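Chemist: Below is a structure I'd like to ask you about.
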Amino acid sequence: MTLSLSVQVVWRMAVKELIASRHEKIEPEHLFEAATRGKDFTGEKALEELRAQGVDVETLAAELRTGSDALEKAGLSPAKLRRAVRDKLGAGTFDWASKSDDVVHRSDRTKKVFAEAEKFSAALKEPSVTVRALFAALLADDTSPVCTVIR
């Protein structure tokens with residue numbers, strides 16, 4: 001299954017979280033951090049640039065806000081949760097400056113999250129994996145570090 005443009009944006013944001021935290025592989029926590037930053041990346045300047053490229057920015061922006069909107073509706077602060085998830089994950093020791101290529105790999109846990117997101121998207125008859133499905137997959141395992149922090 002393909003990834004929606006919004007999930008591709010979330011992936012890029014997760015890579016930035018990964019590098020900043022010095023981990024070697026994308027973990028579900030990096031995806032959660034990125035998926036709850038949607039409002040940070042839907043500023044008018046960025047949207048104007050995408051609009052000029054023919055992107056349906058209203059749909060993109062709405063999908064990027066899925067995670068943060070859901071948390072806020074539940075009375076939770078996305079920023080506080082991101083910090084708590086980041087603290088729970090801790091800092092890694094991987095030296096990205098010494099890496100000879102720019103390939104980023106997913107951890108086994110992240111591969112499972114994407115497999116779940118594909119199932120959610122298929123059940124919803126969506127043509128690609130959406131942020132909504134990815135966010136649901138991130139919250140599907142109530143023993144995960146993300147869910148532990150939310151509780």
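Chains: A, B, ... in order of the structure tokens. Residues: from 1 per chain. Ligands: from 1, in order shown.
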Using only C-alpha atoms, which protein or nucleic acid residues come within 8 Å of region 23-31 of chain A? Drop anything in the same chain fewer than 5 positions from it, and give the result as a PDB file with N, CA and C atoms, in the first residue's frame.
Modeler:
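The resulting file, result_24.pdb, is shown below:
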ATOM      1  N   VAL A  10       4.899  13.326   7.502  1.00  0.00           N
ATOM      2  CA  VAL A  10       5.128  12.842   8.869  1.00  0.00           C
ATOM      3  C   VAL A  10       6.427  12.039   8.925  1.00  0.00           C
ATOM      4  N   TRP A  11       6.681  11.220   7.911  1.00  0.00           N
ATOM      5  CA  TRP A  11       7.928  10.441   7.868  1.00  0.00           C
ATOM      6  C   TRP A  11       9.138  11.381   7.895  1.00  0.00           C
ATOM      7  N   MET A  13       9.317  14.394   9.045  1.00  0.00           N
ATOM      8  CA  MET A  13       9.416  14.997  10.378  1.00  0.00           C
ATOM      9  C   MET A  13       9.962  13.984  11.381  1.00  0.00           C
ATOM     10  N   ALA A  14       9.565  12.727  11.251  1.00  0.00           N
ATOM     11  CA  ALA A  14      10.056  11.677  12.146  1.00  0.00           C
ATOM     12  C   ALA A  14      11.555  11.467  11.964  1.00  0.00           C
ATOM     13  N   VAL A  15      12.029  11.587  10.735  1.00  0.00           N
ATOM     14  CA  VAL A  15      13.472  11.472  10.478  1.00  0.00           C
ATOM     15  C   VAL A  15      14.216  12.582  11.218  1.00  0.00           C
ATOM     16  N   GLU A  17      13.235  14.028  13.973  1.00  0.00           N
ATOM     17  CA  GLU A  17      13.193  13.635  15.387  1.00  0.00           C
ATOM     18  C   GLU A  17      14.237  12.555  15.660  1.00  0.00           C
ATOM     19  N   LEU A  18      14.342  11.592  14.747  1.00  0.00           N
ATOM     20  CA  LEU A  18      15.299  10.498  14.868  1.00  0.00           C
ATOM     21  C   LEU A  18      16.730  11.033  14.959  1.00  0.00           C
ATOM     22  N   VAL A  85       6.955  11.632  25.712  1.00  0.00           N
ATOM     23  CA  VAL A  85       7.339  10.489  24.867  1.00  0.00           C
ATOM     24  C   VAL A  85       8.825  10.558  24.549  1.00  0.00           C
ATOM     25  N   ARG A  86       9.309  11.750  24.234  1.00  0.00           N
ATOM     26  CA  ARG A  86      10.734  11.943  23.941  1.00  0.00           C
ATOM     27  C   ARG A  86      11.572  11.562  25.161  1.00  0.00           C
ATOM     28  N   LEU A  89      11.587   7.745  25.615  1.00  0.00           N
ATOM     29  CA  LEU A  89      12.453   7.093  24.629  1.00  0.00           C
ATOM     30  C   LEU A  89      13.926   7.295  24.977  1.00  0.00           C
ATOM     31  N   ALA A  91      17.720   9.443  24.905  1.00  0.00           N
ATOM     32  CA  ALA A  91      18.668   9.795  23.842  1.00  0.00           C
ATOM     33  C   ALA A  91      19.434   8.556  23.401  1.00  0.00           C
ATOM     34  N   GLY A  92      19.682   8.491  22.112  1.00  0.00           N
ATOM     35  CA  GLY A  92      20.491   7.413  21.566  1.00  0.00           C
ATOM     36  C   GLY A  92      21.948   7.833  21.489  1.00  0.00           C
ATOM     37  N   THR A  93      22.744   7.008  20.850  1.00  0.00           N
ATOM     38  CA  THR A  93      24.177   7.297  20.731  1.00  0.00           C
ATOM     39  C   THR A  93      24.661   7.230  19.289  1.00  0.00           C
ATOM     40  N   PHE A  94      23.729   7.085  18.349  1.00  0.00           N
ATOM     41  CA  PHE A  94      24.126   6.921  16.957  1.00  0.00           C
ATOM     42  C   PHE A  94      24.679   8.225  16.404  1.00  0.00           C
ATOM     43  N   TRP A  96      25.037  10.257  13.381  1.00  0.00           N
ATOM     44  CA  TRP A  96      24.544  10.424  12.017  1.00  0.00           C
ATOM     45  C   TRP A  96      25.565  11.086  11.109  1.00  0.00           C
ATOM     46  N   VAL A 104      17.362   5.737   5.894  1.00  0.00           N
ATOM     47  CA  VAL A 104      16.844   5.596   7.249  1.00  0.00           C
ATOM     48  C   VAL A 104      15.994   4.332   7.289  1.00  0.00           C
ATOM     49  N   HIS A 105      16.236   3.514   8.285  1.00  0.00           N
ATOM     50  CA  HIS A 105      15.510   2.252   8.412  1.00  0.00           C
ATOM     51  C   HIS A 105      14.502   2.323   9.552  1.00  0.00           C
ATOM     52  N   ARG A 106      13.475   1.481   9.458  1.00  0.00           N
ATOM     53  CA  ARG A 106      12.471   1.373  10.508  1.00  0.00           C
ATOM     54  C   ARG A 106      12.856   0.248  11.464  1.00  0.00           C
ATOM     55  N   SER A 107      12.554   0.445  12.731  1.00  0.00           N
ATOM     56  CA  SER A 107      12.734  -0.635  13.698  1.00  0.00           C
ATOM     57  C   SER A 107      11.651  -1.685  13.456  1.00  0.00           C
ATOM     58  N   ARG A 109       9.491  -2.653  15.602  1.00  0.00           N
ATOM     59  CA  ARG A 109       8.245  -2.116  16.174  1.00  0.00           C
ATOM     60  C   ARG A 109       7.563  -1.175  15.191  1.00  0.00           C
ATOM     61  N   THR A 110       8.344  -0.370  14.488  1.00  0.00           N
ATOM     62  CA  THR A 110       7.773   0.569  13.521  1.00  0.00           C
ATOM     63  C   THR A 110       7.197  -0.168  12.325  1.00  0.00           C
ATOM     64  N   VAL A 113       3.842  -1.196  13.306  1.00  0.00           N
ATOM     65  CA  VAL A 113       2.913  -0.056  13.290  1.00  0.00           C
ATOM     66  C   VAL A 113       2.431   0.207  11.869  1.00  0.00           C
ATOM     67  N   LEU A 138      -0.571   3.669  15.996  1.00  0.00           N
ATOM     68  CA  LEU A 138       0.334   4.045  17.085  1.00  0.00           C
ATOM     69  C   LEU A 138      -0.335   3.861  18.446  1.00  0.00           C
ATOM     70  N   PRO A 145       5.104   2.396  24.711  1.00  0.00           N
ATOM     71  CA  PRO A 145       5.540   3.580  25.455  1.00  0.00           C
ATOM     72  C   PRO A 145       4.643   4.796  25.217  1.00  0.00           C
ATOM     73  N   VAL A 146       4.145   4.959  24.002  1.00  0.00           N
ATOM     74  CA  VAL A 146       3.262   6.093  23.704  1.00  0.00           C
ATOM     75  C   VAL A 146       1.999   6.008  24.555  1.00  0.00           C
TER      76      VAL A 146
END
Chemist: Which parts of chain A does DSSP call alpha helix (DSSP H) when run on the backbone here, written out as a ChimeraX atom specification?
Modeler: /A:5-21,28-35,44-52,57-64,66-73,78-89,108-123,131-140,145-150
Chemist: Could you check the closest approach to Leu60 (chain A) for each of A:Arg132, A:Arg151, A:Phe32, A:Ala137 and tell me which residue wins, using only C-alpha atoms?
Modeler: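 Once distances to Leu60 (chain A) are computed over only C-alpha atoms, the minimum belongs to A:Arg132.
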Chemist: Identify which of the residues A:Ser98, A:Val103, A:Arg82, A:Ser128 lies closest to Arg12 (chain A), counting only C-alpha atoms when measuring atom-to-atom distances.
Modeler: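 Nearest candidate to Arg12 (chain A) out of A:Ser98, A:Val103, A:Arg82, A:Ser128: A:Val103.
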Chemist: Would you list the contacts of Gly38 (chain A) as a list in words, taking every protein, DNA or RNA residue within 10 Å and counting only C-alpha atoms, but skipping same-chain residues closer than 6 positions in sequence?
Modeler: Ser6, Val9, Val10, Met13, Leu60, Ala61, Ala62, Glu63, Leu64, Arg65, Thr66, Gly67, Ser68, Asp69 and Val131 of chain A
Chemist: What is the distance, in Å and to one decimal place, between CA of Val7 (chain A) and CA of Val129 (chain A)?
Modeler: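 About the pair CA of Val7 (chain A) and CA of Val129 (chain A): they are 7.2 Å apart.
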Chemist: For a quick check of understanding, using only C-alpha atoms, which of A:Leu81, A:Glu49, A:Asp95, A:Leu3 has the smallest distance to Ala20 (chain A)?
Modeler: A:Asp95
Chemist: Which residues come within 12 Å of Met1 (chain A), counting only C-alpha atoms, excluding same-chain residues fewer than 6 positions away, as a list in words?
Modeler: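 Contacts, with the query itself left out: Phe114, Ala115, Glu116, Ala117, Glu118, Lys119, Phe120, Ser121, Ala122, Lys125, Glu126, Pro127, Ser128, Val129 and Thr130 of chain A.
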Chemist: Could you turn the residues from that selection into a file that holds C-alpha atoms, as an mmCIF file, in the first residue's frame?
Modeler:
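Result saved to part-v6.cif:
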data_model
loop_
_atom_site.group_PDB
_atom_site.id
_atom_site.type_symbol
_atom_site.label_atom_id
_atom_site.label_comp_id
_atom_site.auth_asym_id
_atom_site.auth_seq_id
_atom_site.Cartn_x
_atom_site.Cartn_y
_atom_site.Cartn_z
ATOM 1 C CA PHE A 114 2.943 0.432 9.514
ATOM 2 C CA ALA A 115 1.454 -3.048 9.005
ATOM 3 C CA GLU A 116 -1.372 -2.112 11.398
ATOM 4 C CA ALA A 117 -1.829 1.241 9.651
ATOM 5 C CA GLU A 118 -2.166 -0.599 6.334
ATOM 6 C CA LYS A 119 -4.881 -2.808 7.861
ATOM 7 C CA PHE A 120 -6.747 0.233 9.202
ATOM 8 C CA SER A 121 -6.521 1.994 5.833
ATOM 9 C CA ALA A 122 -7.692 -1.116 3.981
ATOM 10 C CA LYS A 125 -11.163 1.541 1.989
ATOM 11 C CA GLU A 126 -8.632 4.356 1.791
ATOM 12 C CA PRO A 127 -6.382 4.297 -1.300
ATOM 13 C CA SER A 128 -3.259 4.903 0.788
ATOM 14 C CA VAL A 129 -2.072 4.855 4.393
ATOM 15 C CA THR A 130 -3.290 8.072 6.006
#
Chemist: Find the distance between CA of Ala52 (chain A) and CA of Ala133 (chain A) and write it in Å to one decimal.
Modeler: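 CA of Ala133 (chain A) lies 27.7 Å from CA of Ala52 (chain A).
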Chemist: Do you have the CA of Ala140 (chain A)-CA of Glu58 (chain A) distance handy?
Modeler: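 Separation of CA of Ala140 (chain A) and CA of Glu58 (chain A): 27.4 Å.
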Chemist: Where does DSSP see strand (DSSP E or B) in region 66-136 of chain A, if you list the residues as a list in words?
Modeler: His105, Arg106, Ser128 and Val129 of chain A
